[in-house]
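Notes for the one structure printed next.
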Amino acid sequence: MNLLLLSNSTQYGRGYLEHALDTVTAFLPADARLAFVPYALADHAAYTARVRGALEPSGITVRGVHESSDPVSELAASDAVFIGGGNSFRLLDALYRTGLREAVRDAARNGMPYMGASAGTNMAAPTLRTSNDMPIVQPPSFEALGLVPFQINPHYLDPDPASTHKGETREERLTEFLEENDVPVLGLREGSWLRVREGGATVEGAQPARLFSRGVRPRELAAGTDVSELLATEPRFDAPEH
């Protein structure tokens, strides 16, 4: 498979996809027709226009799948697919309703370049169980695309030792996940991404990632770290420690 999984699409102080634009344009085929999946946000037209504004100056033709009466056919007519960020539960629900969950999964497994950002990156994991999002809708299942066999947590935030907020930190929430599930979680800080190609996987971008696994301390992964061993993960869900 050929995957580019971004933690975020917008970086503070920069335009949409600007922080990763060189990587994105190198990832997509030259003069690509890109199927954009905007379902994570409510305003599909405005979202698609934003993606067009960012990518069409680089020669990429952006088509929102909602612009066709048959989103699956729009995907089939494209050279690559990009699933944007927003609410992961709303997104997955729409993928089920439109038939795109199976269609995108199969296309990516057959070699179509797949790019995700935030919620779109969540879709590449087996389930939504490590999403940061509120379940504003109830999809038929938490089962996502399963393009990688481990979980990802986009927008990973480190604990702030100076904070007086008493809610759980992201690290505490992921530790709770590992108490009930035996599946590694790759925390992608903003400005970082995961590149999967030719059977290998690498952490890339401006920030290190953080890997959470059951029974061991979290591990920092600098940009350039080979994490191909994660592709051999055999996930075990609903497997409490006790």
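Convention: chains lettered A, B, ... in structure tokens order; per-chain residue numbering from 1; ligands numbered from 1 as shown.
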
Near-A:Leu230 list (8 Å; only C-alpha atoms; drop same-chain fewer than 3 positions) as a ChimeraX atom specification
/A:149-150,184,201,227,233

Save out the residues we just selected, C-alpha atoms, as an mmCIF file, in the first residue's frame.
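Okay, this is what ended up in out_10.cif:
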data_model
loop_
_atom_site.group_PDB
_atom_site.id
_atom_site.type_symbol
_atom_site.label_atom_id
_atom_site.label_comp_id
_atom_site.auth_asym_id
_atom_site.auth_seq_id
_atom_site.Cartn_x
_atom_site.Cartn_y
_atom_site.Cartn_z
ATOM 1 C CA PRO A 149 -3.020 -3.071 11.852
ATOM 2 C CA PHE A 150 -2.296 -0.662 14.728
ATOM 3 C CA PRO A 184 0.062 -0.400 19.776
ATOM 4 C CA ALA A 201 6.638 2.498 7.478
ATOM 5 C CA VAL A 227 8.502 1.591 12.347
ATOM 6 C CA THR A 233 0.972 -6.205 14.517
#

When you look at stretch 45-60 of chain A with a cut-off of 8 Å (counting only C-alpha atoms), what residues show up, excluding the ones that are within fewer than 6 positions of it in the same chain? I need them as a list in words.
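Contacts, with the query itself left out: Tyr16, Leu17, Glu18, Thr25, Ala30, Asp31, Ala32, Arg33, Leu34, Phe36 and Pro38 of chain A.
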
Any chance you can output those residues with N, CA, C and O atoms as a short mmCIF file (atom, residue, chain, number, x, y, z; two decimals), in the first residue's frame?
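Saved file again09.cif follows:
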data_model
loop_
_atom_site.label_atom_id
_atom_site.label_comp_id
_atom_site.auth_asym_id
_atom_site.auth_seq_id
_atom_site.Cartn_x
_atom_site.Cartn_y
_atom_site.Cartn_z
N TYR A 16 -3.61 26.06 4.78
CA TYR A 16 -4.06 24.68 4.72
C TYR A 16 -3.05 23.83 3.95
O TYR A 16 -2.70 24.13 2.80
N LEU A 17 -2.56 22.77 4.60
CA LEU A 17 -1.57 21.81 4.07
C LEU A 17 -0.21 22.43 3.77
O LEU A 17 0.69 21.74 3.28
N GLU A 18 -0.03 23.70 4.09
CA GLU A 18 1.23 24.38 3.72
C GLU A 18 2.44 23.72 4.38
O GLU A 18 3.51 23.62 3.77
N THR A 25 2.62 16.92 -2.48
CA THR A 25 2.71 16.96 -3.94
C THR A 25 3.67 15.91 -4.46
O THR A 25 3.49 15.40 -5.57
N ALA A 30 1.75 12.88 -10.62
CA ALA A 30 1.78 14.13 -11.38
C ALA A 30 0.44 14.32 -12.09
O ALA A 30 -0.12 13.38 -12.67
N ASP A 31 -0.09 15.55 -12.03
CA ASP A 31 -1.36 15.89 -12.68
C ASP A 31 -2.49 14.96 -12.24
O ASP A 31 -3.37 14.60 -13.02
N ALA A 32 -2.47 14.60 -10.97
CA ALA A 32 -3.44 13.63 -10.46
C ALA A 32 -4.86 14.18 -10.44
O ALA A 32 -5.08 15.39 -10.22
N ARG A 33 -5.81 13.31 -10.66
CA ARG A 33 -7.21 13.57 -10.33
C ARG A 33 -7.43 12.99 -8.94
O ARG A 33 -7.35 11.78 -8.73
N LEU A 34 -7.69 13.87 -7.98
CA LEU A 34 -7.77 13.48 -6.58
C LEU A 34 -9.21 13.44 -6.12
O LEU A 34 -9.94 14.44 -6.22
N PHE A 36 -11.55 13.75 -3.25
CA PHE A 36 -11.52 14.28 -1.89
C PHE A 36 -12.81 13.90 -1.17
O PHE A 36 -13.92 14.09 -1.69
N PRO A 38 -15.05 14.78 1.89
CA PRO A 38 -15.20 15.89 2.82
C PRO A 38 -16.16 15.63 3.98
O PRO A 38 -16.54 16.56 4.70
#

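Between A:Leu6 and the candidates A:Thr225, A:Thr164, A:Ser78, A:Ser192, the tightest atom-to-atom separation, counting only C-alpha atoms, involves A:Ser192.
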
Do a neighbour search on A:Glu172 at 12 Å with only C-alpha atoms, toss out local chain neighbours closer than 4 positions, and write the hits as a VMD selection string.
chain A and resid 130 156 to 159 166 to 168 176 to 179 212 218

Include C-alpha atoms and write out the residues we just selected as a short mmCIF file (atom, residue, chain, number, x, y, z; two decimals), in the first residue's frame.
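And here's result26.cif as it stands now:
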data_model
loop_
_atom_site.label_atom_id
_atom_site.label_comp_id
_atom_site.auth_asym_id
_atom_site.auth_seq_id
_atom_site.Cartn_x
_atom_site.Cartn_y
_atom_site.Cartn_z
CA THR A 130 -8.27 6.07 19.88
CA TYR A 156 -1.13 13.87 20.16
CA LEU A 157 -0.58 16.35 23.01
CA ASP A 158 2.06 15.95 25.71
CA PRO A 159 1.02 16.52 29.34
CA LYS A 166 -7.62 18.05 36.31
CA GLY A 167 -9.07 16.08 33.39
CA GLU A 168 -7.22 13.13 31.93
CA GLU A 176 -6.71 3.27 29.61
CA PHE A 177 -7.16 2.03 26.04
CA LEU A 178 -4.24 -0.36 26.51
CA GLU A 179 -5.76 -1.69 29.73
CA PHE A 212 2.33 3.40 23.26
CA PRO A 218 5.97 4.97 25.91
#

Any idea what's packed within 12 Å of stretch 90-100 of chain A, counting only C-alpha atoms, ignoring anything in its chain fewer than 5 positions away? Could you give it as number ranges by chain?
A: 35-42, 44, 65-66, 68-76, 81, 83-85, 105-108, 116, 118-128, 131, 133-145

In terms of the shortest atom-to-atom distance over only C-alpha atoms, which of A:His19, A:Ala223, A:Val185, A:Arg236 is closest to A:Leu211?
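Closest candidate: A:Val185.
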
What is the atom CA of A:Arg219-atom CA of A:Trp193 distance in Å, reported with one decimal?
16.3 Å

Would you kindly return, as a PyMOL selection string, each protein, DNA or RNA residue with an atom no farther than 8 Å from any atom of A:Arg195, considering only C-alpha atoms and excluding same-chain residues fewer than 3 positions away?
chain A and resi 2-5+201-204

Stretch 56-220 of chain A: which residues are helix (DSSP H, G or I) by DSSP, as a PyMOL selection string?
chain A and resi 56-58+65-67+71-76+88-98+100-109+119-123+170-180

For A:Val24, the closest of A:Gly205, A:His165, A:Gly200, A:Thr175 counting only C-alpha atoms is A:Gly205

Which residue of A:Leu194, A:Gly146, A:Asn132, A:Ala26 approaches A:Val104 most closely, using only C-alpha atoms:
A:Gly146

Quick one: distance from atom CA of A:Thr10 to atom CA of A:Pro161 in Å, one decimal?
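Computing the Euclidean distance for atom CA of A:Thr10 and atom CA of A:Pro161 yields 25.7 Å.
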
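Distances here use only C-alpha atoms; by that measure, the residue among A:Gln151, A:Ser7, A:Thr23, A:Asn181 closest to A:Pro208 is A:Ser7.
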
DSSP strand (DSSP E) residues within stretch 26-217 of chain A, listed as a VMD selection string
chain A and resid 33 to 37 61 to 64 80 to 83 114 to 117 151 to 154 185 to 188 192 to 197 200 to 205 209 to 212

Save the residues we just selected, C-alpha atoms, as an mmCIF file, in the first residue's frame?
data_model
loop_
_atom_site.group_PDB
_atom_site.id
_atom_site.type_symbol
_atom_site.label_atom_id
_atom_site.label_comp_id
_atom_site.auth_asym_id
_atom_site.auth_seq_id
_atom_site.Cartn_x
_atom_site.Cartn_y
_atom_site.Cartn_z
ATOM 1 C CA ARG A 33 -7.213 13.570 -10.330
ATOM 2 C CA LEU A 34 -7.765 13.484 -6.577
ATOM 3 C CA ALA A 35 -10.968 12.187 -5.006
ATOM 4 C CA PHE A 36 -11.523 14.278 -1.886
ATOM 5 C CA VAL A 37 -13.799 12.911 0.850
ATOM 6 C CA THR A 61 -7.392 18.293 -9.967
ATOM 7 C CA VAL A 62 -9.599 18.004 -6.890
ATOM 8 C CA ARG A 63 -13.043 16.407 -7.141
ATOM 9 C CA GLY A 64 -15.258 16.156 -4.076
ATOM 10 C CA ALA A 80 -5.646 9.002 -5.561
ATOM 11 C CA VAL A 81 -7.903 9.638 -2.585
ATOM 12 C CA PHE A 82 -7.672 12.155 0.270
ATOM 13 C CA ILE A 83 -9.886 11.889 3.351
ATOM 14 C CA TYR A 114 -4.333 7.121 0.135
ATOM 15 C CA MET A 115 -3.809 10.364 2.022
ATOM 16 C CA GLY A 116 -5.472 11.104 5.329
ATOM 17 C CA ALA A 117 -5.316 14.015 7.725
ATOM 18 C CA GLN A 151 -4.012 2.412 16.138
ATOM 19 C CA ILE A 152 -3.053 6.047 15.525
ATOM 20 C CA ASN A 153 -3.759 9.076 17.705
ATOM 21 C CA PRO A 154 -3.472 12.263 15.595
ATOM 22 C CA VAL A 185 -0.950 3.257 19.401
ATOM 23 C CA LEU A 186 1.208 5.674 17.436
ATOM 24 C CA GLY A 187 0.751 9.203 18.793
ATOM 25 C CA LEU A 188 1.405 11.689 15.989
ATOM 26 C CA SER A 192 4.307 14.856 11.935
ATOM 27 C CA TRP A 193 3.044 12.090 9.690
ATOM 28 C CA LEU A 194 3.415 8.405 8.907
ATOM 29 C CA ARG A 195 4.578 7.230 5.478
ATOM 30 C CA VAL A 196 3.750 3.651 4.460
ATOM 31 C CA ARG A 197 5.056 2.180 1.193
ATOM 32 C CA GLY A 200 7.715 -0.350 5.197
ATOM 33 C CA ALA A 201 6.638 2.498 7.478
ATOM 34 C CA THR A 202 8.501 5.609 8.607
ATOM 35 C CA VAL A 203 7.744 8.460 10.997
ATOM 36 C CA GLU A 204 8.331 11.757 9.193
ATOM 37 C CA GLY A 205 7.771 15.487 9.628
ATOM 38 C CA ALA A 209 6.025 10.593 17.401
ATOM 39 C CA ARG A 210 5.260 8.697 20.602
ATOM 40 C CA LEU A 211 4.557 4.966 20.606
ATOM 41 C CA PHE A 212 2.334 3.400 23.264
#

Measuring between only C-alpha atoms, which one of A:Gly86, A:Gly15, A:Gly215, A:Pro113 shows the shortest distance to A:Glu241?
A:Gly215
